[in-house]
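Have a look at input_29.tsv; it's TSV, C-alpha atoms:
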```tsv
chain	number	residue	atom	x	y	z
C	1	ARG	CA	10.77	9.44	3.12
C	2	LYS	CA	12.57	6.31	4.25
C	3	GLU	CA	13.34	3.75	1.59
C	4	VAL	CA	11.81	1.00	3.69
C	5	GLU	CA	9.15	1.77	6.29
C	6	GLN	CA	7.61	-0.37	8.95
C	7	ASP	CA	5.13	0.29	11.73
C	8	PRO	CA	7.33	-0.02	14.83
C	9	GLY	CA	4.45	-1.46	16.90
C	10	PRO	CA	4.36	-3.03	19.36
C	11	PHE	CA	1.67	-5.40	18.17
C	12	ASN	CA	0.36	-7.07	21.29
C	13	VAL	CA	-1.80	-10.11	20.50
C	14	PRO	CA	-3.02	-13.17	22.43
C	15	GLU	CA	-1.56	-16.57	21.85
C	16	GLY	CA	-3.33	-18.37	19.02
C	17	ALA	CA	-4.31	-15.20	17.22
C	18	THR	CA	-3.48	-14.31	13.65
C	19	VAL	CA	-1.42	-11.19	13.16
C	20	ALA	CA	-0.22	-9.41	10.07
C	21	PHE	CA	2.00	-6.45	9.40
C	22	ASN	CA	3.22	-4.66	6.33
C	23	CYS	CA	6.34	-3.03	5.08
C	24	THR	CA	6.36	-0.36	2.37
C	25	TYR	CA	9.25	0.41	0.06
C	26	SER	CA	9.84	3.50	-2.03
C	27	ASN	CA	11.82	2.21	-5.00
C	28	SER	CA	9.58	0.61	-7.58
C	29	ALA	CA	12.62	-1.10	-9.12
C	30	SER	CA	13.30	-3.11	-5.96
C	31	GLN	CA	13.87	-6.69	-6.92
C	32	SER	CA	13.81	-8.95	-3.94
C	33	PHE	CA	12.35	-8.93	-0.48
C	34	PHE	CA	12.89	-10.74	2.78
C	35	TRP	CA	11.73	-10.97	6.35
C	36	TYR	CA	14.23	-11.32	9.16
C	37	ARG	CA	13.47	-12.02	12.79
C	38	GLN	CA	15.43	-10.40	15.61
C	39	ASP	CA	15.02	-11.46	19.21
C	40	CYS	CA	15.70	-8.97	21.97
C	41	ARG	CA	19.42	-8.21	22.22
C	42	LYS	CA	20.22	-10.83	19.58
C	43	GLU	CA	21.31	-10.78	15.98
C	44	PRO	CA	18.86	-10.80	13.03
C	45	LYS	CA	18.15	-14.14	11.41
C	46	LEU	CA	16.56	-14.80	8.04
C	47	LEU	CA	12.94	-15.86	8.45
C	48	MET	CA	11.87	-16.16	4.84
C	49	SER	CA	12.20	-14.74	1.37
C	50	VAL	CA	9.18	-13.14	-0.28
C	51	TYR	CA	8.31	-14.40	-3.72
C	52	SER	CA	6.16	-12.59	-6.28
C	53	SER	CA	3.41	-15.19	-6.06
C	54	GLY	CA	3.45	-15.23	-2.28
C	55	ASN	CA	4.82	-18.06	-0.20
C	56	GLU	CA	4.18	-20.00	2.98
C	57	ASP	CA	6.45	-21.57	5.53
C	58	GLY	CA	4.38	-23.34	8.14
C	59	ARG	CA	2.41	-20.72	10.05
C	60	PHE	CA	4.07	-17.85	8.20
C	61	THR	CA	2.84	-16.38	4.92
C	62	ALA	CA	4.66	-13.67	3.03
C	63	GLN	CA	3.14	-11.67	0.20
C	64	LEU	CA	4.31	-9.01	-2.21
C	65	ASN	CA	2.16	-6.26	-3.71
C	66	ARG	CA	4.24	-4.54	-6.36
C	67	ALA	CA	1.47	-2.18	-7.44
C	68	SER	CA	1.20	-0.68	-3.97
C	69	GLN	CA	4.86	-1.32	-3.12
C	70	TYR	CA	4.52	-3.27	0.07
C	71	ILE	CA	5.23	-6.68	1.44
C	72	SER	CA	3.36	-8.36	4.25
C	73	LEU	CA	3.95	-11.05	6.83
C	74	LEU	CA	1.07	-13.01	8.31
C	75	ILE	CA	1.50	-15.28	11.30
C	76	ARG	CA	-1.25	-17.78	12.07
C	77	ASP	CA	-1.84	-19.51	15.39
C	78	SER	CA	0.74	-17.30	17.04
C	79	LYS	CA	3.00	-18.77	19.72
C	80	LEU	CA	4.70	-17.12	22.66
C	81	SER	CA	7.98	-17.89	20.90
C	82	ASP	CA	6.94	-15.66	17.98
C	83	SER	CA	7.55	-12.60	20.18
C	84	ALA	CA	10.35	-10.73	18.43
C	85	THR	CA	11.06	-7.84	16.12
C	86	TYR	CA	10.45	-8.54	12.45
C	87	LEU	CA	12.70	-6.73	10.00
C	88	CYS	CA	11.74	-6.10	6.41
C	89	VAL	CA	14.66	-6.21	3.96
C	90	VAL	CA	14.56	-4.90	0.41
C	91	ASN	CA	17.08	-5.30	-2.37
C	92	ASN	CA	17.15	-1.84	-3.96
C	93	LYS	CA	18.34	-2.29	-7.52
C	94	ALA	CA	19.24	1.40	-7.89
C	95	ARG	CA	22.19	1.07	-5.53
C	96	SER	CA	25.39	-0.80	-6.12
C	97	SER	CA	26.27	-4.21	-4.80
C	98	ALA	CA	25.95	-4.80	-1.07
C	99	SER	CA	24.84	-1.28	-0.24
C	100	LYS	CA	21.57	-1.91	-2.02
C	101	ILE	CA	20.30	-4.17	0.74
C	102	ILE	CA	18.06	-1.95	2.86
C	103	PHE	CA	16.82	-2.98	6.29
C	104	GLY	CA	13.64	-1.60	7.79
C	105	SER	CA	13.72	-0.55	11.43
C	106	GLY	CA	11.43	-3.41	12.42
C	107	THR	CA	8.00	-4.18	13.82
C	108	ARG	CA	7.89	-5.40	17.37
C	109	LEU	CA	5.50	-8.27	18.09
C	110	SER	CA	4.55	-9.40	21.56
C	111	ILE	CA	2.43	-12.51	22.09
C	112	ARG	CA	0.66	-12.71	25.44
C	113	PRO	CA	-0.54	-15.93	27.11
D	1	ASN	CA	29.12	-24.43	15.60
D	2	ALA	CA	29.72	-22.78	12.24
D	3	GLY	CA	28.95	-19.12	12.11
D	4	VAL	CA	30.18	-15.59	12.63
D	5	THR	CA	32.14	-14.73	15.75
D	6	GLN	CA	32.47	-11.17	16.96
D	7	THR	CA	34.59	-9.80	19.76
D	8	PRO	CA	34.21	-8.08	22.11
D	9	LYS	CA	30.54	-8.37	23.08
D	10	PHE	CA	30.58	-5.18	25.13
D	11	GLN	CA	32.89	-2.18	25.22
D	12	VAL	CA	32.93	1.24	26.83
D	13	LEU	CA	35.25	3.83	25.36
D	14	LYS	CA	36.09	7.38	26.21
D	15	THR	CA	35.77	9.99	23.51
D	16	GLY	CA	38.91	10.00	21.40
D	17	GLN	CA	39.98	6.45	22.20
D	18	SER	CA	40.50	3.92	19.46
D	19	MET	CA	39.54	0.30	19.22
D	20	THR	CA	39.15	-2.56	16.76
D	21	LEU	CA	36.15	-4.85	16.54
D	22	GLN	CA	37.05	-8.32	15.36
D	23	CYS	CA	34.93	-10.59	13.19
D	24	ALA	CA	35.63	-14.07	11.86
D	25	GLN	CA	33.49	-16.52	9.89
D	26	ASP	CA	34.09	-20.20	9.27
D	27	MET	CA	31.55	-20.79	6.49
D	28	ASN	CA	33.96	-20.03	3.65
D	29	HIS	CA	31.82	-17.06	2.66
D	30	ASN	CA	33.21	-14.60	0.16
D	31	SER	CA	31.49	-11.45	1.42
D	32	MET	CA	31.56	-9.79	4.80
D	33	TYR	CA	29.87	-6.71	6.21
D	34	TRP	CA	29.79	-4.35	9.15
D	35	TYR	CA	26.46	-2.83	10.17
D	36	ARG	CA	25.41	-0.59	13.01
D	37	GLN	CA	21.97	-0.67	14.57
D	38	ASP	CA	20.47	2.28	16.42
D	39	PRO	CA	17.04	2.58	18.07
D	40	GLY	CA	14.31	3.43	15.57
D	41	MET	CA	16.59	2.90	12.62
D	42	GLY	CA	17.27	-0.08	10.46
D	43	LEU	CA	20.64	-1.68	10.22
D	44	ARG	CA	22.92	0.65	8.32
D	45	LEU	CA	25.88	-0.60	6.33
D	46	ILE	CA	29.22	0.86	7.37
D	47	TYR	CA	31.65	-1.03	5.14
D	48	TYR	CA	31.64	-4.26	3.26
D	49	SER	CA	34.06	-6.59	1.55
D	50	ALA	CA	32.64	-8.35	-1.49
D	51	SER	CA	35.61	-10.68	-1.62
D	52	GLU	CA	39.01	-11.15	-0.07
D	53	GLY	CA	41.22	-8.20	-0.94
D	54	THR	CA	38.44	-5.69	-1.56
D	55	THR	CA	36.60	-3.28	0.69
D	56	ASP	CA	33.99	-0.64	-0.09
D	57	LYS	CA	32.14	2.06	1.77
D	58	GLY	CA	28.56	1.59	2.73
D	59	GLU	CA	25.98	4.11	3.83
D	60	VAL	CA	27.73	5.45	6.97
D	61	PRO	CA	31.53	4.97	6.66
D	62	ASN	CA	32.73	8.20	8.28
D	63	GLY	CA	34.81	7.63	11.40
D	64	TYR	CA	35.53	3.98	10.58
D	65	ASN	CA	38.12	1.92	8.76
D	66	VAL	CA	38.14	-1.75	7.88
D	67	SER	CA	40.60	-4.48	7.03
D	68	ARG	CA	39.84	-7.73	5.27
D	69	LEU	CA	42.72	-9.63	6.78
D	70	ASN	CA	41.99	-12.87	4.93
D	71	LYS	CA	38.91	-14.70	3.74
D	72	ARG	CA	37.82	-15.44	7.30
D	73	GLU	CA	38.42	-12.16	9.08
D	74	PHE	CA	37.07	-8.64	8.67
D	75	SER	CA	37.85	-6.04	11.31
D	76	LEU	CA	36.33	-2.63	11.98
D	77	ARG	CA	38.42	0.13	13.53
D	78	LEU	CA	37.32	3.30	15.25
D	79	GLU	CA	40.33	5.62	15.21
D	80	SER	CA	38.91	8.32	17.46
D	81	ALA	CA	35.63	7.29	19.05
D	82	ALA	CA	32.80	9.81	19.33
D	83	PRO	CA	29.56	9.58	21.33
D	84	SER	CA	27.66	9.40	18.00
D	85	GLN	CA	29.29	6.02	17.49
D	86	THR	CA	27.49	4.55	20.47
D	87	SER	CA	25.57	1.71	18.87
D	88	VAL	CA	25.25	-2.02	18.43
D	89	TYR	CA	27.61	-3.29	15.76
D	90	PHE	CA	26.93	-6.43	13.77
D	91	CYS	CA	29.27	-8.27	11.51
D	92	ALA	CA	27.69	-10.45	8.83
D	93	SER	CA	28.77	-12.71	6.02
D	94	SER	CA	27.22	-14.15	2.89
D	95	GLU	CA	28.28	-16.37	0.08
D	96	LYS	CA	28.01	-13.52	-2.42
D	97	ALA	CA	27.84	-9.75	-2.21
D	98	ARG	CA	24.30	-9.70	-3.47
D	99	HIS	CA	21.71	-11.04	-1.07
D	100	PRO	CA	21.41	-14.78	-1.67
D	101	THR	CA	17.78	-15.68	-1.86
D	102	ASN	CA	17.83	-18.88	0.12
D	103	TYR	CA	20.34	-18.36	2.85
D	104	GLY	CA	20.51	-14.65	3.54
D	105	TYR	CA	23.12	-13.09	5.70
D	106	THR	CA	24.60	-14.78	8.76
D	107	PHE	CA	25.12	-12.28	11.53
D	108	GLY	CA	27.42	-12.32	14.50
D	109	SER	CA	25.96	-11.81	17.95
D	110	GLY	CA	26.85	-8.12	18.03
D	111	THR	CA	29.06	-5.71	19.94
D	112	ARG	CA	27.41	-3.18	22.23
D	113	LEU	CA	29.63	-0.12	22.17
D	114	THR	CA	29.19	2.91	24.40
D	115	VAL	CA	31.30	6.02	23.92
D	116	VAL	CA	31.26	8.42	26.85
```
Step by step, read the file and then write its structure as structure tokens.
Amino acid sequence: RKEVEQDPGPFNVPEGATVAFNCTYSNSASQSFFWYRQDCRKEPKLLMSVYSSGNEDGRFTAQLNRASQYISLLIRDSKLSDSATYLCVVNNKARSSASKIIFGSGTRLSIRP
Amino acid sequence: NAGVTQTPKFQVLKTGQSMTLQCAQDMNHNSMYWYRQDPGMGLRLIYYSASEGTTDKGEVPNGYNVSRLNKREFSLRLESAAPSQTSVYFCASSEKARHPTNYGYTFGSGTRLTVV
């Protein structure tokens, strides 16, 4: 089983729709969680951290469910510019230093006009 | 603009050839990393340097070597390229070795390497 798993998609939704996707992690001791965005043939960029109580940044809401070991990203009022691959990143406490940062393989989102 | 600069952007190598990927950051970050990204897989850490003068193996170090030349520069060397090393390589930097909550990693734009 992968340490961090994501549905690869693609999620194909109309502009203005709300879309959500999850990311599951296997290590219950994982401490911190993040969402990165990666545009086609570009580098990943930090979208937002995920806090225990959940957090919002504009149209984006991130949530953590420790009991079920997943994090989620919800995008409201989706824009064409939201089309990208969203990478889940988990800080796996069991590993040492930098190697404990685990990237998921990403969920591809495509927003259609 | 401040950031991470990687060269080259594209490279084709023949099996057995060697090459060095260059990476430089101008954000005065302490830690630097080399990742590879393959279809269907997450970014995998090859090597990292928590601070100037130190380097450590990541998840997939075999076939690679690194040099932290100074605080700004961190190079990745393939001594004898193999087709399995065909991938997209990203250099990244961060203020600290552990993932900083607010600012994350800053990635370079990537090197697309093909080994034939």
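Compared by their closest atoms to Ile75 in chain C, and using only C-alpha atoms, the residues C:Tyr36, C:Phe21, C:Phe103, C:Tyr51 rank with C:Phe21 nearest.
For chain C, the residues having at least one atom no farther than 8 Å from chain D, when counting all atoms listed in the file, are Pro8, Lys42, Glu43, Pro44, Lys45, Leu46, Ser49, Asn91, Ser97, Ala98, Ser99, Ile101, Ile102, Phe103, Gly104, Ser105 and Gly106 of chain C.
Across the model, the gap from CA of Arg37 in chain C to CA of Thr5 in chain D is 19.1 Å.
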Checklist line | For His29 in chain D, the nearest of the candidates D:Thr15, D:Gly3, D:Val60, D:Phe10, counting all atoms listed in the file | finding: D:Gly3
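Residues with any atom within 7 Å of Val116 in chain D, counting all atoms listed in the file and excluding same-chain neighbours fewer than 2 positions away, are Leu13, Lys14, Thr15, Pro83 and Thr114 of chain D.
Every protein, DNA or RNA residue with an atom at most 10 Å from Gln11 in chain D, where all atoms listed in the file count and chain neighbours fewer than 2 positions away do not, is listed here: Thr7, Pro8, Lys9, Leu13, Met19, Leu21, Thr86, Thr111, Arg112, Leu113, Thr114 and Val115 of chain D.
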Give the padded box for range 27-31 of chain D as JSON: axis-aligned, covering all atoms listed in the file, 8 Å on each side, centre and edge lengths in Å to one decimal.
```
{"center_x": 32.7, "center_y": -16.1, "center_z": 3.3, "size_x": 18.5, "size_y": 25.3, "size_z": 22.3}
```
